[in-house]
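Presented below is the structure to which this report refers.
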Amino acid sequence: MQIRGFQRTSLVDYPGEVCSTIFVGGCNLRCRYCFNRDLVLYPNTLPSFPEEEIFSFLEKRFSVQGALCVSGGEPTLQSDLAVFISRAKKMGLKVKLDTNGTFPHILEELLEEGNLDYVAMDIKAPPEKYDLLCGRKVDYTKIERTMFLLKNSSIQSEFRTTVVPGLLDETDLLKIAEILHGTRRYVLQQFQPVSTLLDQSLTARKSFAGEDMEKIASLCRGFIEKVLLRGF
């Protein structure tokens, strides 16, 4: 595993759990609002964390934090992801995977192996805006396949959208909510206009106001029972 970031303790990455989070390098998308530019474009310039260091820490901390979040970048690009997750599960850890959903066959294999406890999938935009947000041509049928797998899985899951001002609006978010109708959990995340964005032209954008987002969340609940705001 190409592990280029390691947060030893997190209270936010795995809902309801104290966890550690690893960040793998590299991604197949170039989302304009992504704030991990170096992780996506220049992962080899970042420190590398050996797997043995990760597992040694997790073993020592198991009594107080029994969960691991695997994030990125895009973890499903890693050829040894399944082996890594299997090792974590054998330690007794709960495992959460963050993914952009573009490799459904990898997710399907992981689900069949029974080694995932939670999956968070980013829904970038409604179908007609997907390429615009992702900065790459995306095969939307693969996004649909991943959504189908999670909708029909018994494990915990969430779908989440980063609300980028000027790129997404209320109409777009309601379209996404309608597509996700029947899912268990939808999270609307605040856009972060930081200096490390892939698209530097977005750094001057102002995030949506909390009261406006609460109104949108309320409308989305017409399709999905549990709609949460994160960061607002």
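Identifiers for the structure tokens are assigned positionally: chains receive A, B, ... in sequence, residues are indexed from 1 per chain, and ligands are indexed from 1 in the order shown.
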Can you check which parts of range 194-218 of chain A lie within 10 Å of range 157-173 of chain A? Per residue, the shortest pair of atoms and distance in Å to one decimal, counting only C-alpha atoms, sorted by chain and number, as CSV.
```
residue,atom,partner,partner_atom,distance
A:Leu202,CA,A:Pro165,CA,8.7
A:Arg205,CA,A:Pro165,CA,6.5
A:Lys206,CA,A:Pro165,CA,6.8
A:Ser207,CA,A:Pro165,CA,6.2
A:Phe208,CA,A:Pro165,CA,6.7
A:Asp212,CA,A:Glu170,CA,9.3
A:Met213,CA,A:Glu170,CA,8.8
A:Lys215,CA,A:Glu170,CA,9.4
A:Ile216,CA,A:Glu170,CA,6.4
A:Ala217,CA,A:Leu173,CA,8.9
```
So which bits of range 2-231 of chain A end up helix (DSSP H, G or I) when you DSSP the backbone, as a CSV table (one decimal) with N, CA and C atoms, in the first residue's frame?
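After the write, result_39.csv holds the following:
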```csv
chain,number,residue,atom,x,y,z
A,37,ARG,N,-4.1,18.3,-3.0
A,37,ARG,CA,-3.4,18.4,-4.3
A,37,ARG,C,-2.2,17.5,-4.4
A,38,ASP,N,-1.3,17.6,-3.4
A,38,ASP,CA,-0.1,16.8,-3.4
A,38,ASP,C,-0.4,15.4,-3.3
A,39,LEU,N,-1.4,15.0,-2.5
A,39,LEU,CA,-1.7,13.5,-2.4
A,39,LEU,C,-2.2,13.0,-3.7
A,40,VAL,N,-2.9,13.8,-4.5
A,40,VAL,CA,-3.4,13.3,-5.8
A,40,VAL,C,-2.4,13.4,-6.9
A,41,LEU,N,-1.7,14.6,-7.0
A,41,LEU,CA,-0.8,14.8,-8.1
A,41,LEU,C,0.7,14.4,-7.9
A,43,PRO,N,2.1,12.3,-5.1
A,43,PRO,CA,2.2,11.5,-3.8
A,43,PRO,C,3.6,11.1,-3.5
A,44,ASN,N,4.5,11.0,-4.5
A,44,ASN,CA,5.9,10.5,-4.2
A,44,ASN,C,6.7,11.6,-3.5
A,45,THR,N,6.2,12.8,-3.4
A,45,THR,CA,6.9,13.9,-2.7
A,45,THR,C,6.5,13.9,-1.2
A,51,GLU,N,3.6,-0.2,6.3
A,51,GLU,CA,2.5,-0.9,6.8
A,51,GLU,C,2.8,-1.4,8.2
A,52,GLU,N,4.0,-1.9,8.5
A,52,GLU,CA,4.3,-2.4,9.8
A,52,GLU,C,4.2,-1.3,10.9
A,53,GLU,N,4.5,-0.1,10.5
A,53,GLU,CA,4.4,1.0,11.5
A,53,GLU,C,2.9,1.3,11.8
A,54,ILE,N,2.1,1.2,10.8
A,54,ILE,CA,0.7,1.4,11.0
A,54,ILE,C,0.1,0.3,11.9
A,55,PHE,N,0.4,-0.9,11.5
A,55,PHE,CA,-0.2,-2.0,12.3
A,55,PHE,C,0.3,-2.1,13.7
A,56,SER,N,1.6,-1.7,13.9
A,56,SER,CA,2.1,-1.7,15.3
A,56,SER,C,1.4,-0.7,16.1
A,57,PHE,N,1.1,0.5,15.6
A,57,PHE,CA,0.4,1.5,16.3
A,57,PHE,C,-1.0,1.0,16.6
A,58,LEU,N,-1.7,0.4,15.6
A,58,LEU,CA,-3.1,0.0,15.8
A,58,LEU,C,-3.2,-1.1,16.8
A,59,GLU,N,-2.2,-2.0,16.9
A,59,GLU,CA,-2.2,-3.1,17.9
A,59,GLU,C,-2.1,-2.5,19.3
A,60,LYS,N,-1.2,-1.5,19.5
A,60,LYS,CA,-1.0,-0.9,20.8
A,60,LYS,C,-2.2,-0.1,21.2
A,61,ARG,N,-3.0,0.5,20.3
A,61,ARG,CA,-4.1,1.3,20.6
A,61,ARG,C,-5.5,0.6,20.5
A,75,PRO,N,-8.4,4.7,-2.7
A,75,PRO,CA,-7.9,3.4,-2.2
A,75,PRO,C,-8.1,2.3,-3.1
A,76,THR,N,-9.1,2.3,-3.9
A,76,THR,CA,-9.4,1.1,-4.8
A,76,THR,C,-8.4,1.0,-6.0
A,77,LEU,N,-7.5,2.0,-6.1
A,77,LEU,CA,-6.4,1.9,-7.1
A,77,LEU,C,-5.3,1.0,-6.6
A,81,LEU,N,-5.0,-3.6,-1.7
A,81,LEU,CA,-6.0,-3.1,-0.7
A,81,LEU,C,-6.7,-4.2,0.0
A,82,ALA,N,-7.1,-5.3,-0.7
A,82,ALA,CA,-7.8,-6.4,0.0
A,82,ALA,C,-7.0,-7.1,1.0
A,83,VAL,N,-5.7,-7.2,0.7
A,83,VAL,CA,-4.8,-7.9,1.7
A,83,VAL,C,-4.6,-7.0,2.9
A,84,PHE,N,-4.5,-5.7,2.7
A,84,PHE,CA,-4.3,-4.8,3.8
A,84,PHE,C,-5.5,-4.8,4.7
A,85,ILE,N,-6.7,-4.7,4.1
A,85,ILE,CA,-7.9,-4.7,4.9
A,85,ILE,C,-8.2,-6.0,5.6
A,86,SER,N,-7.9,-7.1,5.0
A,86,SER,CA,-8.0,-8.4,5.6
A,86,SER,C,-7.1,-8.5,6.9
A,87,ARG,N,-5.9,-8.0,6.8
A,87,ARG,CA,-5.0,-8.0,7.9
A,87,ARG,C,-5.6,-7.2,9.1
A,88,ALA,N,-6.2,-6.0,8.8
A,88,ALA,CA,-6.8,-5.2,9.8
A,88,ALA,C,-8.0,-5.9,10.4
A,89,LYS,N,-8.8,-6.6,9.6
A,89,LYS,CA,-9.9,-7.3,10.2
A,89,LYS,C,-9.5,-8.5,11.1
A,90,LYS,N,-8.4,-9.1,10.7
A,90,LYS,CA,-7.9,-10.2,11.5
A,90,LYS,C,-7.4,-9.8,12.9
A,104,PRO,N,-16.3,-0.3,-9.2
A,104,PRO,CA,-17.3,-1.1,-8.5
A,104,PRO,C,-16.9,-2.5,-8.4
A,105,HIS,N,-16.1,-3.1,-9.3
A,105,HIS,CA,-15.7,-4.5,-9.3
A,105,HIS,C,-14.8,-4.7,-8.1
A,106,ILE,N,-14.0,-3.7,-7.7
A,106,ILE,CA,-13.2,-3.8,-6.5
A,106,ILE,C,-14.0,-3.8,-5.3
A,107,LEU,N,-14.9,-2.9,-5.2
A,107,LEU,CA,-15.8,-2.8,-4.0
A,107,LEU,C,-16.6,-4.1,-3.9
A,108,GLU,N,-17.1,-4.6,-5.0
A,108,GLU,CA,-17.9,-5.9,-4.9
A,108,GLU,C,-17.1,-7.0,-4.4
A,109,GLU,N,-15.9,-7.1,-4.7
A,109,GLU,CA,-15.0,-8.2,-4.2
A,109,GLU,C,-14.8,-8.0,-2.7
A,110,LEU,N,-14.6,-6.8,-2.3
A,110,LEU,CA,-14.4,-6.5,-0.8
A,110,LEU,C,-15.6,-6.8,0.0
A,111,LEU,N,-16.8,-6.5,-0.6
A,111,LEU,CA,-18.0,-6.8,0.1
A,111,LEU,C,-18.3,-8.3,0.2
A,112,GLU,N,-17.9,-9.0,-0.9
A,112,GLU,CA,-18.1,-10.5,-0.9
A,112,GLU,C,-17.2,-11.1,0.1
A,113,GLU,N,-16.0,-10.5,0.3
A,113,GLU,CA,-15.0,-11.1,1.3
A,113,GLU,C,-15.5,-10.8,2.8
A,127,PRO,N,-25.7,13.5,-12.8
A,127,PRO,CA,-25.0,12.9,-14.0
A,127,PRO,C,-24.5,13.9,-15.0
A,128,GLU,N,-25.3,14.9,-15.3
A,128,GLU,CA,-24.9,15.8,-16.4
A,128,GLU,C,-23.7,16.7,-16.0
A,129,LYS,N,-23.4,16.8,-14.7
A,129,LYS,CA,-22.3,17.6,-14.2
A,129,LYS,C,-21.1,16.8,-13.7
A,130,TYR,N,-21.1,15.5,-13.8
A,130,TYR,CA,-20.1,14.7,-13.2
A,130,TYR,C,-18.7,15.0,-13.8
A,131,ASP,N,-18.6,15.1,-15.1
A,131,ASP,CA,-17.3,15.4,-15.7
A,131,ASP,C,-16.8,16.7,-15.3
A,132,LEU,N,-17.7,17.7,-15.2
A,132,LEU,CA,-17.3,19.1,-14.8
A,132,LEU,C,-16.7,19.1,-13.4
A,133,LEU,N,-17.3,18.4,-12.5
A,133,LEU,CA,-16.8,18.4,-11.1
A,133,LEU,C,-15.5,17.6,-11.0
A,134,CYS,N,-15.4,16.5,-11.7
A,134,CYS,CA,-14.3,15.5,-11.5
A,134,CYS,C,-13.1,15.9,-12.3
A,140,TYR,N,-20.3,7.0,-16.0
A,140,TYR,CA,-21.3,7.1,-14.9
A,140,TYR,C,-22.0,5.8,-14.6
A,141,THR,N,-22.0,4.9,-15.5
A,141,THR,CA,-22.6,3.5,-15.2
A,141,THR,C,-21.8,2.9,-14.1
A,142,LYS,N,-20.5,3.2,-13.9
A,142,LYS,CA,-19.8,2.6,-12.8
A,142,LYS,C,-20.2,3.2,-11.5
A,143,ILE,N,-20.5,4.5,-11.6
A,143,ILE,CA,-21.0,5.2,-10.4
A,143,ILE,C,-22.4,4.6,-10.0
A,144,GLU,N,-23.2,4.3,-10.9
A,144,GLU,CA,-24.5,3.7,-10.7
A,144,GLU,C,-24.4,2.3,-10.1
A,145,ARG,N,-23.4,1.6,-10.6
A,145,ARG,CA,-23.2,0.2,-10.1
A,145,ARG,C,-22.7,0.3,-8.6
A,146,THR,N,-21.9,1.2,-8.3
A,146,THR,CA,-21.4,1.3,-6.9
A,146,THR,C,-22.5,1.7,-6.0
A,147,MET,N,-23.4,2.6,-6.5
A,147,MET,CA,-24.5,3.0,-5.7
A,147,MET,C,-25.4,1.8,-5.4
A,148,PHE,N,-25.7,1.0,-6.5
A,148,PHE,CA,-26.5,-0.1,-6.4
A,148,PHE,C,-26.0,-1.1,-5.3
A,149,LEU,N,-24.7,-1.4,-5.4
A,149,LEU,CA,-24.0,-2.3,-4.4
A,149,LEU,C,-24.2,-1.9,-3.0
A,150,LEU,N,-24.0,-0.6,-2.8
A,150,LEU,CA,-24.2,-0.1,-1.4
A,150,LEU,C,-25.6,0.0,-0.9
A,151,LYS,N,-26.5,0.3,-1.8
A,151,LYS,CA,-27.9,0.4,-1.5
A,151,LYS,C,-28.4,-1.0,-1.1
A,170,GLU,N,-28.9,24.3,-5.4
A,170,GLU,CA,-30.0,23.6,-4.7
A,170,GLU,C,-30.6,22.5,-5.7
A,171,THR,N,-30.8,22.9,-6.9
A,171,THR,CA,-31.4,22.0,-7.9
A,171,THR,C,-30.5,20.7,-8.1
A,172,ASP,N,-29.2,20.9,-8.2
A,172,ASP,CA,-28.3,19.8,-8.3
A,172,ASP,C,-28.4,18.9,-7.1
A,173,LEU,N,-28.4,19.4,-5.9
A,173,LEU,CA,-28.4,18.6,-4.7
A,173,LEU,C,-29.8,17.8,-4.6
A,174,LEU,N,-30.8,18.4,-5.0
A,174,LEU,CA,-32.1,17.7,-5.0
A,174,LEU,C,-32.2,16.6,-6.0
A,175,LYS,N,-31.5,16.8,-7.2
A,175,LYS,CA,-31.4,15.7,-8.2
A,175,LYS,C,-30.6,14.6,-7.6
A,176,ILE,N,-29.5,14.8,-6.9
A,176,ILE,CA,-28.7,13.8,-6.3
A,176,ILE,C,-29.6,13.0,-5.3
A,177,ALA,N,-30.3,13.8,-4.4
A,177,ALA,CA,-31.1,13.2,-3.4
A,177,ALA,C,-32.2,12.3,-4.0
A,178,GLU,N,-32.7,12.7,-5.1
A,178,GLU,CA,-33.7,11.8,-5.8
A,178,GLU,C,-33.1,10.6,-6.3
A,179,ILE,N,-31.9,10.7,-6.9
A,179,ILE,CA,-31.2,9.5,-7.3
A,179,ILE,C,-30.9,8.5,-6.2
A,200,GLN,N,-7.2,26.3,-8.4
A,200,GLN,CA,-6.9,27.5,-7.6
A,200,GLN,C,-7.9,28.6,-7.8
A,201,SER,N,-8.6,28.6,-8.9
A,201,SER,CA,-9.6,29.6,-9.2
A,201,SER,C,-10.8,29.5,-8.2
A,202,LEU,N,-10.9,28.4,-7.5
A,202,LEU,CA,-12.0,28.2,-6.5
A,202,LEU,C,-11.7,28.8,-5.1
A,210,GLY,N,-24.9,28.3,6.6
A,210,GLY,CA,-25.5,27.2,7.3
A,210,GLY,C,-27.0,27.2,7.2
A,211,GLU,N,-27.6,28.3,7.3
A,211,GLU,CA,-29.1,28.4,7.2
A,211,GLU,C,-29.6,28.0,5.8
A,212,ASP,N,-28.9,28.4,4.8
A,212,ASP,CA,-29.3,28.0,3.4
A,212,ASP,C,-29.1,26.5,3.3
A,213,MET,N,-28.1,25.9,3.8
A,213,MET,CA,-27.9,24.5,3.7
A,213,MET,C,-28.9,23.7,4.5
A,214,GLU,N,-29.3,24.2,5.6
A,214,GLU,CA,-30.3,23.5,6.4
A,214,GLU,C,-31.6,23.4,5.6
A,215,LYS,N,-31.9,24.5,4.9
A,215,LYS,CA,-33.1,24.5,4.1
A,215,LYS,C,-33.0,23.4,3.0
A,216,ILE,N,-31.9,23.3,2.3
A,216,ILE,CA,-31.6,22.3,1.3
A,216,ILE,C,-31.7,20.9,1.9
A,217,ALA,N,-31.1,20.7,3.0
A,217,ALA,CA,-31.1,19.4,3.7
A,217,ALA,C,-32.5,19.0,4.0
A,218,SER,N,-33.4,19.9,4.4
A,218,SER,CA,-34.8,19.6,4.7
A,218,SER,C,-35.5,19.2,3.5
A,219,LEU,N,-35.2,19.8,2.3
A,219,LEU,CA,-35.8,19.4,1.1
A,219,LEU,C,-35.3,18.0,0.6
A,220,CYS,N,-34.1,17.7,0.9
A,220,CYS,CA,-33.5,16.4,0.5
A,220,CYS,C,-34.1,15.3,1.3
```
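Of the listed residues (A:Val194, A:Lys226, A:Lys137, A:Ile155), A:Lys137 comes nearest to Arg30 in chain A; the distances count only C-alpha atoms.
Nearest-residue note for Gly92 in chain A: choosing from A:Tyr118, A:Tyr186, A:Tyr33, A:Phe62, the minimum distance belongs to A:Phe62, counting only C-alpha atoms.
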Spatial neighbours of Ser48 in chain A, 10 Å, only C-alpha atoms, chain gap at least 2 places, as a PyMOL selection string: chain A and resi 1-6+24-25+43-46+50-51
Atoms kept (N, CA and C atoms) for selection, written as a PDB file, in the first residue's frame:
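Saved to again10.pdb:
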```pdb
ATOM      1  N   MET A   1       0.843  -1.185   0.000  1.00  0.00           N
ATOM      2  CA  MET A   1       0.000   0.000   0.000  1.00  0.00           C
ATOM      3  C   MET A   1       0.890   1.252   0.000  1.00  0.00           C
ATOM      4  N   GLN A   2       0.537   2.197  -0.844  1.00  0.00           N
ATOM      5  CA  GLN A   2       1.259   3.462  -0.897  1.00  0.00           C
ATOM      6  C   GLN A   2       0.606   4.431   0.089  1.00  0.00           C
ATOM      7  N   ILE A   3       1.016   4.337   1.336  1.00  0.00           N
ATOM      8  CA  ILE A   3       0.414   5.153   2.398  1.00  0.00           C
ATOM      9  C   ILE A   3       1.208   6.440   2.541  1.00  0.00           C
ATOM     10  N   ARG A   4       0.552   7.567   2.247  1.00  0.00           N
ATOM     11  CA  ARG A   4       1.229   8.864   2.237  1.00  0.00           C
ATOM     12  C   ARG A   4       0.710   9.817   3.309  1.00  0.00           C
ATOM     13  N   GLY A   5      -0.165   9.323   4.155  1.00  0.00           N
ATOM     14  CA  GLY A   5      -0.643  10.126   5.271  1.00  0.00           C
ATOM     15  C   GLY A   5      -1.196   9.213   6.351  1.00  0.00           C
ATOM     16  N   PHE A   6      -0.995   9.591   7.598  1.00  0.00           N
ATOM     17  CA  PHE A   6      -1.450   8.760   8.706  1.00  0.00           C
ATOM     18  C   PHE A   6      -1.912   9.655   9.851  1.00  0.00           C
ATOM     19  N   VAL A  24      -4.003   7.004   1.180  1.00  0.00           N
ATOM     20  CA  VAL A  24      -3.165   6.450   0.125  1.00  0.00           C
ATOM     21  C   VAL A  24      -2.947   7.498  -0.954  1.00  0.00           C
ATOM     22  N   GLY A  25      -1.826   7.378  -1.659  1.00  0.00           N
ATOM     23  CA  GLY A  25      -1.480   8.342  -2.688  1.00  0.00           C
ATOM     24  C   GLY A  25      -2.065   7.964  -4.039  1.00  0.00           C
ATOM     25  N   PRO A  43       2.115  12.316  -5.068  1.00  0.00           N
ATOM     26  CA  PRO A  43       2.204  11.492  -3.849  1.00  0.00           C
ATOM     27  C   PRO A  43       3.620  11.083  -3.477  1.00  0.00           C
ATOM     28  N   ASN A  44       4.493  10.958  -4.475  1.00  0.00           N
ATOM     29  CA  ASN A  44       5.862  10.523  -4.183  1.00  0.00           C
ATOM     30  C   ASN A  44       6.682  11.575  -3.462  1.00  0.00           C
ATOM     31  N   THR A  45       6.167  12.817  -3.402  1.00  0.00           N
ATOM     32  CA  THR A  45       6.876  13.869  -2.670  1.00  0.00           C
ATOM     33  C   THR A  45       6.518  13.874  -1.188  1.00  0.00           C
ATOM     34  N   LEU A  46       5.531  13.077  -0.805  1.00  0.00           N
ATOM     35  CA  LEU A  46       5.070  13.050   0.580  1.00  0.00           C
ATOM     36  C   LEU A  46       5.732  11.918   1.354  1.00  0.00           C
ATOM     37  N   PRO A  50       5.314   2.998   6.392  1.00  0.00           N
ATOM     38  CA  PRO A  50       5.336   1.538   6.218  1.00  0.00           C
ATOM     39  C   PRO A  50       4.129   0.882   6.882  1.00  0.00           C
ATOM     40  N   GLU A  51       3.639  -0.178   6.282  1.00  0.00           N
ATOM     41  CA  GLU A  51       2.486  -0.886   6.839  1.00  0.00           C
ATOM     42  C   GLU A  51       2.775  -1.382   8.249  1.00  0.00           C
TER      43      GLU A  51
END
```
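The spacing separating CA of Arg185 in chain A from CA of Val227 in chain A amounts to 6.0 Å.
Contact shell of Leu93 in chain A at 7 Å (only C-alpha atoms; same-chain neighbours under 6 positions omitted): Gly66, Ala67 and Leu68 of chain A.
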Write the selection just made, keeping N, CA and C atoms, as a compact mmCIF listing (two decimals), in the first residue's frame?
```txt
# COMPACT_ATOMS: atom_id res chain seq x y z
N GLY A 66 -10.77 1.00 18.16
CA GLY A 66 -10.80 -0.28 17.46
C GLY A 66 -11.28 -0.17 16.02
N ALA A 67 -10.95 0.96 15.35
CA ALA A 67 -11.42 1.13 13.98
C ALA A 67 -10.34 1.79 13.12
N LEU A 68 -10.45 1.53 11.83
CA LEU A 68 -9.51 2.07 10.85
C LEU A 68 -10.28 2.60 9.66
```
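You can rank A:Ala125, A:Leu228, A:Val12, A:Cys19 by their closest distance to Cys31 in chain A using only C-alpha atoms, and at the top of that list sits A:Ala125.
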Between CA of Pro47 in chain A and CA of Gly16 in chain A lies a distance of 29.2 Å
Original post:
Quick one: residues within 6 Å of Cys69 in chain A, only C-alpha atoms counted, chain neighbours fewer than 4 positions away excluded, as a list in words?
Top reply: Thr21, Val95, Lys96 and Leu97 of chain A
What separates CA of Leu11 in chain A and CA of Leu116 in chain A is a distance of 19.0 Å
Using backbone DSSP assignments, extract all strand (DSSP E) residues from range 15-190 of chain A; output them as a ChimeraX atom specification.
/A:19-24,67-71,94-99,118-122,156-163,186-190
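Closest approach to Gly72 in chain A among A:Ala120, A:Met91, A:Val187, A:Leu229: A:Ala120, based on only C-alpha atoms.
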Among A:Phe23, A:Asp80, A:Ala209, A:Phe49, Thr99 in chain A is approached most closely, using only C-alpha atoms, by A:Phe23
